[in-house]
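Novice: My file is my_file-v3.txt. It has compact mmCIF, N, CA and C atoms:
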# COMPACT_ATOMS: atom_id res chain seq x y z
N GLN B 1 84.17 188.69 163.72
CA GLN B 1 83.70 187.52 162.99
C GLN B 1 82.85 186.66 163.93
N VAL B 2 81.69 186.27 163.45
CA VAL B 2 80.78 185.47 164.26
C VAL B 2 81.31 184.05 164.38
N GLN B 3 81.29 183.55 165.59
CA GLN B 3 81.63 182.14 165.84
C GLN B 3 80.48 181.48 166.57
N LEU B 4 80.16 180.28 166.15
CA LEU B 4 79.07 179.51 166.74
C LEU B 4 79.61 178.15 167.16
N VAL B 5 79.34 177.78 168.39
CA VAL B 5 79.80 176.49 168.90
C VAL B 5 78.61 175.72 169.43
N GLU B 6 78.29 174.62 168.75
CA GLU B 6 77.18 173.78 169.18
C GLU B 6 77.67 172.68 170.11
N SER B 7 76.79 172.23 170.98
CA SER B 7 77.08 171.11 171.86
C SER B 7 75.78 170.43 172.25
N GLY B 8 75.91 169.23 172.82
CA GLY B 8 74.74 168.53 173.34
C GLY B 8 74.24 167.39 172.48
N GLY B 9 74.82 167.18 171.33
CA GLY B 9 74.38 166.07 170.50
C GLY B 9 74.78 164.74 171.11
N GLY B 10 74.28 163.67 170.53
CA GLY B 10 74.61 162.35 171.02
C GLY B 10 73.67 161.30 170.46
N SER B 11 73.69 160.14 171.07
CA SER B 11 72.85 159.03 170.65
C SER B 11 71.81 158.75 171.71
N VAL B 12 70.60 158.48 171.29
CA VAL B 12 69.50 158.24 172.21
C VAL B 12 68.51 157.30 171.56
N GLN B 13 67.76 156.59 172.36
CA GLN B 13 66.72 155.71 171.83
C GLN B 13 65.47 156.53 171.53
N ALA B 14 64.66 156.00 170.64
CA ALA B 14 63.41 156.65 170.30
C ALA B 14 62.59 156.91 171.57
N GLY B 15 62.00 158.10 171.62
CA GLY B 15 61.25 158.50 172.79
C GLY B 15 62.07 159.28 173.81
N GLY B 16 63.37 159.29 173.62
CA GLY B 16 64.25 159.98 174.55
C GLY B 16 64.35 161.47 174.26
N SER B 17 65.23 162.13 175.02
CA SER B 17 65.37 163.58 174.93
C SER B 17 66.85 163.97 174.84
N LEU B 18 67.08 165.08 174.20
CA LEU B 18 68.40 165.70 174.16
C LEU B 18 68.21 167.21 174.19
N ARG B 19 69.22 167.91 174.70
CA ARG B 19 69.19 169.36 174.69
C ARG B 19 70.45 169.88 173.99
N LEU B 20 70.26 170.61 172.93
CA LEU B 20 71.36 171.20 172.19
C LEU B 20 71.57 172.64 172.66
N SER B 21 72.83 173.06 172.62
CA SER B 21 73.18 174.44 172.94
C SER B 21 74.04 175.01 171.83
N CYS B 22 73.92 176.30 171.63
CA CYS B 22 74.77 176.99 170.66
C CYS B 22 75.19 178.32 171.26
N ALA B 23 76.48 178.47 171.46
CA ALA B 23 77.02 179.71 172.01
C ALA B 23 77.60 180.55 170.87
N ALA B 24 77.10 181.75 170.75
CA ALA B 24 77.56 182.66 169.69
C ALA B 24 78.47 183.72 170.27
N SER B 25 79.49 184.09 169.52
CA SER B 25 80.41 185.12 169.97
C SER B 25 80.92 185.92 168.77
N GLY B 26 81.61 187.00 169.04
CA GLY B 26 82.20 187.79 167.96
C GLY B 26 81.53 189.12 167.74
N ARG B 27 80.35 189.32 168.33
CA ARG B 27 79.65 190.58 168.21
C ARG B 27 78.45 190.53 169.15
N THR B 28 77.72 191.61 169.23
CA THR B 28 76.44 191.57 169.93
C THR B 28 75.37 191.13 168.95
N PHE B 29 74.35 190.49 169.46
CA PHE B 29 73.37 189.88 168.57
C PHE B 29 72.00 190.54 168.66
N SER B 30 72.03 191.83 168.91
CA SER B 30 70.79 192.59 168.91
C SER B 30 70.18 192.54 167.51
N GLY B 31 68.89 192.19 167.45
CA GLY B 31 68.22 192.12 166.16
C GLY B 31 68.48 190.86 165.36
N TYR B 32 69.17 189.92 165.95
CA TYR B 32 69.50 188.68 165.25
C TYR B 32 68.47 187.60 165.56
N VAL B 33 68.08 186.88 164.53
CA VAL B 33 67.39 185.62 164.71
C VAL B 33 68.44 184.55 164.99
N MET B 34 68.12 183.66 165.92
CA MET B 34 68.95 182.47 166.15
C MET B 34 68.07 181.26 165.86
N ALA B 35 68.62 180.28 165.21
CA ALA B 35 67.79 179.17 164.75
C ALA B 35 68.60 177.89 164.64
N TRP B 36 67.88 176.83 164.40
CA TRP B 36 68.49 175.52 164.18
C TRP B 36 68.03 174.95 162.84
N GLY B 37 68.96 174.33 162.15
CA GLY B 37 68.64 173.57 160.96
C GLY B 37 69.24 172.18 161.13
N ARG B 38 68.85 171.25 160.26
CA ARG B 38 69.43 169.92 160.36
C ARG B 38 69.58 169.31 158.97
N GLN B 39 70.52 168.42 158.86
CA GLN B 39 70.75 167.75 157.59
C GLN B 39 70.94 166.26 157.84
N ALA B 40 70.04 165.48 157.28
CA ALA B 40 70.13 164.03 157.37
C ALA B 40 70.94 163.51 156.18
N PRO B 41 71.50 162.32 156.31
CA PRO B 41 72.30 161.76 155.19
C PRO B 41 71.50 161.71 153.90
N GLY B 42 72.06 162.23 152.84
CA GLY B 42 71.42 162.19 151.53
C GLY B 42 70.31 163.19 151.33
N LYS B 43 70.12 164.08 152.30
CA LYS B 43 69.05 165.07 152.19
C LYS B 43 69.61 166.48 152.30
N GLU B 44 68.81 167.46 151.86
CA GLU B 44 69.20 168.85 151.99
C GLU B 44 69.00 169.30 153.44
N ARG B 45 69.74 170.34 153.80
CA ARG B 45 69.55 170.90 155.13
C ARG B 45 68.17 171.54 155.19
N GLU B 46 67.50 171.36 156.33
CA GLU B 46 66.15 171.89 156.48
C GLU B 46 66.04 172.69 157.78
N PHE B 47 65.11 173.62 157.78
CA PHE B 47 64.82 174.44 158.95
C PHE B 47 64.18 173.58 160.02
N VAL B 48 64.54 173.83 161.28
CA VAL B 48 63.94 173.12 162.40
C VAL B 48 63.16 174.07 163.30
N ALA B 49 63.83 175.11 163.80
CA ALA B 49 63.19 176.04 164.72
C ALA B 49 63.96 177.35 164.74
N GLY B 50 63.26 178.45 165.03
CA GLY B 50 63.90 179.74 165.11
C GLY B 50 63.31 180.56 166.24
N ILE B 51 64.10 181.53 166.72
CA ILE B 51 63.65 182.40 167.80
C ILE B 51 64.15 183.80 167.52
N GLY B 52 63.29 184.77 167.76
CA GLY B 52 63.64 186.15 167.50
C GLY B 52 64.49 186.77 168.59
N TRP B 53 64.89 188.02 168.36
CA TRP B 53 65.78 188.72 169.28
C TRP B 53 65.21 188.78 170.69
N SER B 54 63.93 189.03 170.79
CA SER B 54 63.32 189.20 172.11
C SER B 54 63.25 187.89 172.89
N GLY B 55 63.34 186.80 172.19
CA GLY B 55 63.19 185.50 172.84
C GLY B 55 61.74 185.09 173.01
N ILE B 56 60.84 185.91 172.51
CA ILE B 56 59.41 185.65 172.66
C ILE B 56 58.84 184.96 171.42
N LEU B 57 59.19 185.47 170.27
CA LEU B 57 58.64 184.93 169.02
C LEU B 57 59.45 183.71 168.59
N THR B 58 58.74 182.61 168.37
CA THR B 58 59.38 181.38 167.93
C THR B 58 58.62 180.80 166.74
N TYR B 59 59.29 179.91 166.04
CA TYR B 59 58.68 179.29 164.85
C TYR B 59 59.28 177.91 164.69
N TYR B 60 58.45 176.94 164.32
CA TYR B 60 58.89 175.56 164.25
C TYR B 60 58.48 174.93 162.92
N ALA B 61 59.30 174.01 162.47
CA ALA B 61 58.89 173.16 161.35
C ALA B 61 57.76 172.25 161.84
N ASP B 62 56.85 171.92 160.96
CA ASP B 62 55.72 171.08 161.35
C ASP B 62 56.18 169.74 161.91
N SER B 63 57.29 169.24 161.41
CA SER B 63 57.77 167.92 161.81
C SER B 63 58.23 167.86 163.26
N VAL B 64 58.51 169.01 163.87
CA VAL B 64 59.01 169.00 165.25
C VAL B 64 58.08 169.74 166.21
N LYS B 65 57.04 170.35 165.68
CA LYS B 65 56.13 171.13 166.51
C LYS B 65 55.52 170.25 167.60
N GLY B 66 55.53 170.75 168.83
CA GLY B 66 54.99 169.99 169.95
C GLY B 66 55.99 169.07 170.62
N ARG B 67 57.14 168.84 169.96
CA ARG B 67 58.16 167.97 170.55
C ARG B 67 59.44 168.74 170.89
N PHE B 68 59.75 169.74 170.09
CA PHE B 68 60.97 170.53 170.28
C PHE B 68 60.60 171.92 170.81
N THR B 69 61.49 172.46 171.64
CA THR B 69 61.31 173.81 172.15
C THR B 69 62.61 174.58 172.01
N ILE B 70 62.53 175.73 171.37
CA ILE B 70 63.71 176.58 171.21
C ILE B 70 63.63 177.70 172.25
N SER B 71 64.77 178.07 172.79
CA SER B 71 64.81 179.16 173.76
C SER B 71 66.14 179.89 173.64
N ARG B 72 66.18 181.04 174.29
CA ARG B 72 67.35 181.90 174.18
C ARG B 72 67.66 182.45 175.56
N ASP B 73 68.93 182.56 175.91
CA ASP B 73 69.26 183.07 177.24
C ASP B 73 68.76 184.49 177.39
N ASN B 74 68.34 184.83 178.57
CA ASN B 74 67.67 186.12 178.80
C ASN B 74 68.63 187.29 178.97
N ASN B 75 69.89 187.02 179.20
CA ASN B 75 70.83 188.10 179.50
C ASN B 75 71.51 188.60 178.22
N ALA B 76 72.58 187.97 177.85
CA ALA B 76 73.32 188.42 176.67
C ALA B 76 72.63 188.04 175.37
N LYS B 77 71.68 187.12 175.45
CA LYS B 77 70.94 186.66 174.27
C LYS B 77 71.86 186.13 173.17
N ASN B 78 72.98 185.54 173.57
CA ASN B 78 73.90 185.00 172.58
C ASN B 78 74.01 183.49 172.65
N THR B 79 73.10 182.86 173.38
CA THR B 79 73.07 181.41 173.47
C THR B 79 71.66 180.94 173.15
N VAL B 80 71.57 179.97 172.29
CA VAL B 80 70.26 179.41 171.93
C VAL B 80 70.26 177.92 172.26
N TYR B 81 69.11 177.45 172.71
CA TYR B 81 68.96 176.06 173.10
C TYR B 81 67.86 175.40 172.27
N LEU B 82 67.98 174.11 172.13
CA LEU B 82 66.92 173.33 171.49
C LEU B 82 66.67 172.10 172.35
N GLN B 83 65.55 172.12 173.06
CA GLN B 83 65.14 170.97 173.85
C GLN B 83 64.35 170.04 172.94
N MET B 84 64.84 168.83 172.80
CA MET B 84 64.21 167.87 171.89
C MET B 84 63.66 166.70 172.71
N ASN B 85 62.36 166.56 172.70
CA ASN B 85 61.68 165.49 173.41
C ASN B 85 61.01 164.55 172.42
N SER B 86 60.64 163.37 172.91
CA SER B 86 59.94 162.38 172.08
C SER B 86 60.66 162.19 170.74
N LEU B 87 61.94 162.00 170.82
CA LEU B 87 62.74 161.89 169.60
C LEU B 87 62.38 160.65 168.80
N LYS B 88 62.47 160.80 167.49
CA LYS B 88 62.14 159.73 166.56
C LYS B 88 63.37 159.40 165.71
N PRO B 89 63.44 158.22 165.17
CA PRO B 89 64.58 157.90 164.29
C PRO B 89 64.73 158.89 163.14
N GLU B 90 63.64 159.43 162.65
CA GLU B 90 63.72 160.39 161.54
C GLU B 90 64.28 161.74 161.96
N ASP B 91 64.50 161.93 163.25
CA ASP B 91 65.17 163.14 163.72
C ASP B 91 66.69 163.03 163.62
N THR B 92 67.18 161.85 163.27
CA THR B 92 68.61 161.65 163.13
C THR B 92 69.17 162.57 162.05
N ALA B 93 70.17 163.36 162.43
CA ALA B 93 70.74 164.34 161.50
C ALA B 93 71.89 165.06 162.20
N VAL B 94 72.62 165.83 161.43
CA VAL B 94 73.54 166.80 162.00
C VAL B 94 72.75 168.09 162.19
N TYR B 95 72.79 168.62 163.40
CA TYR B 95 72.04 169.83 163.73
C TYR B 95 73.00 171.02 163.74
N TYR B 96 72.59 172.08 163.05
CA TYR B 96 73.42 173.27 162.89
C TYR B 96 72.71 174.49 163.49
N CYS B 97 73.50 175.32 164.12
CA CYS B 97 73.03 176.60 164.63
C CYS B 97 73.20 177.66 163.53
N HIS B 98 72.26 178.59 163.48
CA HIS B 98 72.29 179.64 162.46
C HIS B 98 71.93 180.97 163.09
N VAL B 99 72.67 182.02 162.78
CA VAL B 99 72.34 183.36 163.26
C VAL B 99 72.39 184.33 162.09
N VAL B 100 71.48 185.31 162.11
CA VAL B 100 71.41 186.29 161.04
C VAL B 100 70.61 187.49 161.51
N PRO B 101 70.99 188.69 161.14
CA PRO B 101 70.14 189.84 161.44
C PRO B 101 68.91 189.80 160.53
N PHE B 102 67.74 189.71 161.12
CA PHE B 102 66.53 189.53 160.32
C PHE B 102 65.33 189.96 161.14
N ALA B 103 64.38 190.62 160.47
CA ALA B 103 63.19 191.09 161.17
C ALA B 103 61.93 190.92 160.34
N GLY B 104 61.93 190.01 159.39
CA GLY B 104 60.78 189.81 158.53
C GLY B 104 59.93 188.63 158.97
N PRO B 105 59.00 188.22 158.12
CA PRO B 105 58.13 187.08 158.44
C PRO B 105 58.93 185.78 158.52
N TRP B 106 58.43 184.87 159.33
CA TRP B 106 59.16 183.61 159.51
C TRP B 106 59.23 182.79 158.23
N ASP B 107 58.17 182.82 157.43
CA ASP B 107 58.23 182.00 156.21
C ASP B 107 59.29 182.53 155.25
N THR B 108 59.51 183.83 155.28
CA THR B 108 60.59 184.41 154.46
C THR B 108 61.95 183.97 154.99
N TYR B 109 62.10 183.98 156.31
CA TYR B 109 63.36 183.54 156.91
C TYR B 109 63.66 182.09 156.51
N VAL B 110 62.65 181.22 156.59
CA VAL B 110 62.84 179.81 156.29
C VAL B 110 63.33 179.65 154.85
N LYS B 111 62.73 180.41 153.94
CA LYS B 111 63.17 180.32 152.54
C LYS B 111 64.59 180.84 152.38
N ARG B 112 64.90 181.95 153.03
CA ARG B 112 66.22 182.56 152.87
C ARG B 112 67.32 181.79 153.58
N GLN B 113 66.95 180.96 154.55
CA GLN B 113 67.96 180.17 155.27
C GLN B 113 68.73 179.29 154.30
N LYS B 114 68.13 178.98 153.16
CA LYS B 114 68.79 178.12 152.18
C LYS B 114 69.77 178.90 151.29
N ASP B 115 69.73 180.23 151.37
CA ASP B 115 70.59 181.04 150.51
C ASP B 115 72.02 181.05 151.03
N PRO B 116 72.99 180.78 150.15
CA PRO B 116 74.40 180.89 150.57
C PRO B 116 74.71 182.31 151.01
N GLY B 117 75.44 182.44 152.08
CA GLY B 117 75.82 183.76 152.55
C GLY B 117 74.79 184.44 153.42
N PHE B 118 73.65 183.80 153.64
CA PHE B 118 72.62 184.37 154.51
C PHE B 118 72.94 183.97 155.94
N GLY B 119 73.60 184.85 156.66
CA GLY B 119 73.93 184.58 158.05
C GLY B 119 75.12 183.65 158.20
N SER B 120 75.28 183.16 159.43
CA SER B 120 76.41 182.31 159.77
C SER B 120 75.92 180.98 160.33
N TRP B 121 76.66 179.93 159.99
CA TRP B 121 76.33 178.58 160.47
C TRP B 121 77.44 178.05 161.36
N GLY B 122 77.04 177.23 162.33
CA GLY B 122 78.03 176.53 163.13
C GLY B 122 78.51 175.28 162.42
N GLN B 123 79.38 174.52 163.11
CA GLN B 123 79.96 173.32 162.52
C GLN B 123 79.06 172.11 162.62
N GLY B 124 78.07 172.16 163.48
CA GLY B 124 77.11 171.08 163.60
C GLY B 124 77.41 170.11 164.72
N THR B 125 76.36 169.46 165.19
CA THR B 125 76.49 168.42 166.20
C THR B 125 75.56 167.26 165.80
N GLN B 126 76.08 166.05 165.91
CA GLN B 126 75.34 164.87 165.45
C GLN B 126 74.31 164.43 166.48
N VAL B 127 73.11 164.17 165.99
CA VAL B 127 72.05 163.58 166.81
C VAL B 127 71.64 162.28 166.14
N THR B 128 71.70 161.18 166.89
CA THR B 128 71.34 159.88 166.36
C THR B 128 70.27 159.27 167.24
N VAL B 129 69.14 158.91 166.64
CA VAL B 129 68.03 158.32 167.38
C VAL B 129 67.81 156.91 166.86
N SER B 130 67.93 155.94 167.74
CA SER B 130 67.77 154.55 167.33
C SER B 130 66.38 154.05 167.72
N SER B 131 65.88 153.12 166.92
CA SER B 131 64.54 152.59 167.18
C SER B 131 64.57 151.42 168.13
Represent the structure from my file as structure tokens, please.

Specialist:
Amino acid sequence: QVQLVESGGGSVQAGGSLRLSCAASGRTFSGYVMAWGRQAPGKEREFVAGIGWSGILTYYADSVKGRFTISRDNNAKNTVYLQMNSLKPEDTAVYYCHVVPFAGPWDTYVKRQKDPGFGSWGQGTQVTVSS
């Protein structure tokens, strides 16, 4: 059974930085996409960033492009990071880690991330950005 443990959330002022981590366990993650989603109060969960198995291919939501960087550990490839810079109050949300075996186009992954039962989600970590 896949287990995901997120860490690194917290409170920061606008313009600050945070680094989130997600450690995955329970199996090997060859061929798995690892990604981050977030859910703000009163809103649906949305895609933030994703990274492929190789750790080379990445994809970002337009709202975070240029400010957030997703990466994956080079060894076991079972840990994913999200470096968040130039944080804005609108980045305030619970951030969730997501893993799923997937090898298709990124836009398809983003759409399918909303499907129940598509992959596994972590419990989330709160990020609060104050103005």

Novice: Using only N, CA and C atoms, which of B:Thr58, B:Thr69, B:Gly122, B:Ser130 sits nearest Gln3 (chain B)?

Specialist: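 Selected residue with least distance to Gln3 (chain B): B:Gly122.
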
Novice: Of the candidates B:Cys97, B:Ile51, B:Leu57, B:Met84, which one gets nearest to Cys22 (chain B) if we count all atoms listed in the file?

Specialist: B:Cys97

Novice: Between B:Lys88, B:Arg72, B:Arg67, B:Arg112, which is the closest to Ser131 (chain B) once you count only C-alpha atoms?

Specialist: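 Looking at the shortest contact to Ser131 (chain B), the residue is B:Lys88.
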
Novice: Hey, what does DSSP flag as alpha helix (DSSP H) within chain B? Can you give it to me as a list in words?

Specialist: Trp106, Asp107, Thr108, Tyr109, Val110, Lys111 and Arg112 of chain B

Novice: Between B:Met34, B:Val80, B:Val110, B:Val2, single out the one closest to Phe47 (chain B), counting only N, CA and C atoms.

Specialist: B:Val110

Novice: If you measure from CA of Gly50 (chain B) to CA of Lys114 (chain B), what distance in Å do you get, rounded to one decimal?

Specialist: 13.9 Å

Novice: Given only C-alpha atoms as the basis, pick out the residue of B:Gly37, B:Gly42, B:Gly66, B:Pro89 nearest to Ser11 (chain B).

Specialist: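 For Ser11 (chain B), the nearest of the candidates is B:Pro89.
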
Novice: Please, what distance in Å, to one decimal, runs between CA of Gly104 (chain B) and CA of Ile70 (chain B)?

Specialist: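 Value for the CA of Gly104 (chain B)-CA of Ile70 (chain B) distance: 18.6 Å.
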
Novice: Identify, on the basis of only C-alpha atoms, every residue whose closest approach to Asp115 (chain B) does not exceed 12 Å; exclude the query and any residue fewer than 6 positions from it along the same chain; express the result as a list in words.

Specialist: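 Contacts, in chain order: Arg45, Glu46, Val100, Thr108, Tyr109 and Trp121 of chain B.
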
Novice: Could you check which of B:Phe118, B:Tyr96, B:Trp106, B:Tyr81 is closest to Leu20 (chain B), using only N, CA and C atoms?

Specialist: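 Of the candidates, the smallest distance to Leu20 (chain B) is held by B:Tyr81.
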
Novice: Please rebuild region 73-91 of chain B with N, CA, C and O atoms and return the result as a PDB file, keeping the file's coordinate frame.

Specialist:
ATOM      1  N   ASP B  73      68.930 182.560 175.910  1.00  0.00           N
ATOM      2  CA  ASP B  73      69.260 183.070 177.240  1.00  0.00           C
ATOM      3  C   ASP B  73      68.760 184.490 177.390  1.00  0.00           C
ATOM      4  O   ASP B  73      68.765 185.274 176.444  1.00  0.00           O
ATOM      5  N   ASN B  74      68.340 184.830 178.570  1.00  0.00           N
ATOM      6  CA  ASN B  74      67.670 186.120 178.800  1.00  0.00           C
ATOM      7  C   ASN B  74      68.630 187.290 178.970  1.00  0.00           C
ATOM      8  O   ASN B  74      68.218 188.437 178.893  1.00  0.00           O
ATOM      9  N   ASN B  75      69.890 187.020 179.200  1.00  0.00           N
ATOM     10  CA  ASN B  75      70.830 188.100 179.500  1.00  0.00           C
ATOM     11  C   ASN B  75      71.510 188.600 178.220  1.00  0.00           C
ATOM     12  O   ASN B  75      71.061 189.542 177.596  1.00  0.00           O
ATOM     13  N   ALA B  76      72.580 187.970 177.850  1.00  0.00           N
ATOM     14  CA  ALA B  76      73.320 188.420 176.670  1.00  0.00           C
ATOM     15  C   ALA B  76      72.630 188.040 175.370  1.00  0.00           C
ATOM     16  O   ALA B  76      72.947 188.582 174.310  1.00  0.00           O
ATOM     17  N   LYS B  77      71.680 187.120 175.450  1.00  0.00           N
ATOM     18  CA  LYS B  77      70.940 186.660 174.270  1.00  0.00           C
ATOM     19  C   LYS B  77      71.860 186.130 173.170  1.00  0.00           C
ATOM     20  O   LYS B  77      71.559 186.239 171.990  1.00  0.00           O
ATOM     21  N   ASN B  78      72.980 185.540 173.570  1.00  0.00           N
ATOM     22  CA  ASN B  78      73.900 185.000 172.580  1.00  0.00           C
ATOM     23  C   ASN B  78      74.010 183.490 172.650  1.00  0.00           C
ATOM     24  O   ASN B  78      74.923 182.903 172.067  1.00  0.00           O
ATOM     25  N   THR B  79      73.100 182.860 173.380  1.00  0.00           N
ATOM     26  CA  THR B  79      73.070 181.410 173.470  1.00  0.00           C
ATOM     27  C   THR B  79      71.660 180.940 173.150  1.00  0.00           C
ATOM     28  O   THR B  79      70.693 181.476 173.686  1.00  0.00           O
ATOM     29  N   VAL B  80      71.570 179.970 172.290  1.00  0.00           N
ATOM     30  CA  VAL B  80      70.260 179.410 171.930  1.00  0.00           C
ATOM     31  C   VAL B  80      70.260 177.920 172.260  1.00  0.00           C
ATOM     32  O   VAL B  80      71.295 177.244 172.137  1.00  0.00           O
ATOM     33  N   TYR B  81      69.110 177.450 172.710  1.00  0.00           N
ATOM     34  CA  TYR B  81      68.960 176.060 173.100  1.00  0.00           C
ATOM     35  C   TYR B  81      67.860 175.400 172.270  1.00  0.00           C
ATOM     36  O   TYR B  81      66.935 176.060 171.800  1.00  0.00           O
ATOM     37  N   LEU B  82      67.980 174.110 172.130  1.00  0.00           N
ATOM     38  CA  LEU B  82      66.920 173.330 171.490  1.00  0.00           C
ATOM     39  C   LEU B  82      66.670 172.100 172.350  1.00  0.00           C
ATOM     40  O   LEU B  82      67.495 171.183 172.393  1.00  0.00           O
ATOM     41  N   GLN B  83      65.550 172.120 173.060  1.00  0.00           N
ATOM     42  CA  GLN B  83      65.140 170.970 173.850  1.00  0.00           C
ATOM     43  C   GLN B  83      64.350 170.040 172.940  1.00  0.00           C
ATOM     44  O   GLN B  83      63.326 170.442 172.380  1.00  0.00           O
ATOM     45  N   MET B  84      64.840 168.830 172.800  1.00  0.00           N
ATOM     46  CA  MET B  84      64.210 167.870 171.890  1.00  0.00           C
ATOM     47  C   MET B  84      63.660 166.700 172.710  1.00  0.00           C
ATOM     48  O   MET B  84      64.426 165.965 173.333  1.00  0.00           O
ATOM     49  N   ASN B  85      62.360 166.560 172.700  1.00  0.00           N
ATOM     50  CA  ASN B  85      61.680 165.490 173.410  1.00  0.00           C
ATOM     51  C   ASN B  85      61.010 164.550 172.420  1.00  0.00           C
ATOM     52  O   ASN B  85      60.806 164.887 171.257  1.00  0.00           O
ATOM     53  N   SER B  86      60.640 163.370 172.910  1.00  0.00           N
ATOM     54  CA  SER B  86      59.940 162.380 172.080  1.00  0.00           C
ATOM     55  C   SER B  86      60.660 162.190 170.740  1.00  0.00           C
ATOM     56  O   SER B  86      60.039 162.198 169.671  1.00  0.00           O
ATOM     57  N   LEU B  87      61.940 162.000 170.820  1.00  0.00           N
ATOM     58  CA  LEU B  87      62.740 161.890 169.600  1.00  0.00           C
ATOM     59  C   LEU B  87      62.380 160.650 168.800  1.00  0.00           C
ATOM     60  O   LEU B  87      62.044 159.598 169.368  1.00  0.00           O
ATOM     61  N   LYS B  88      62.470 160.800 167.490  1.00  0.00           N
ATOM     62  CA  LYS B  88      62.140 159.730 166.560  1.00  0.00           C
ATOM     63  C   LYS B  88      63.370 159.400 165.710  1.00  0.00           C
ATOM     64  O   LYS B  88      64.228 160.274 165.521  1.00  0.00           O
ATOM     65  N   PRO B  89      63.440 158.220 165.170  1.00  0.00           N
ATOM     66  CA  PRO B  89      64.580 157.900 164.290  1.00  0.00           C
ATOM     67  C   PRO B  89      64.730 158.890 163.140  1.00  0.00           C
ATOM     68  O   PRO B  89      65.861 159.184 162.725  1.00  0.00           O
ATOM     69  N   GLU B  90      63.640 159.430 162.650  1.00  0.00           N
ATOM     70  CA  GLU B  90      63.720 160.390 161.540  1.00  0.00           C
ATOM     71  C   GLU B  90      64.280 161.740 161.960  1.00  0.00           C
ATOM     72  O   GLU B  90      64.503 162.606 161.120  1.00  0.00           O
ATOM     73  N   ASP B  91      64.500 161.930 163.250  1.00  0.00           N
ATOM     74  CA  ASP B  91      65.170 163.140 163.720  1.00  0.00           C
ATOM     75  C   ASP B  91      66.690 163.030 163.620  1.00  0.00           C
ATOM     76  O   ASP B  91      67.407 163.999 163.867  1.00  0.00           O
TER      77      ASP B  91
END
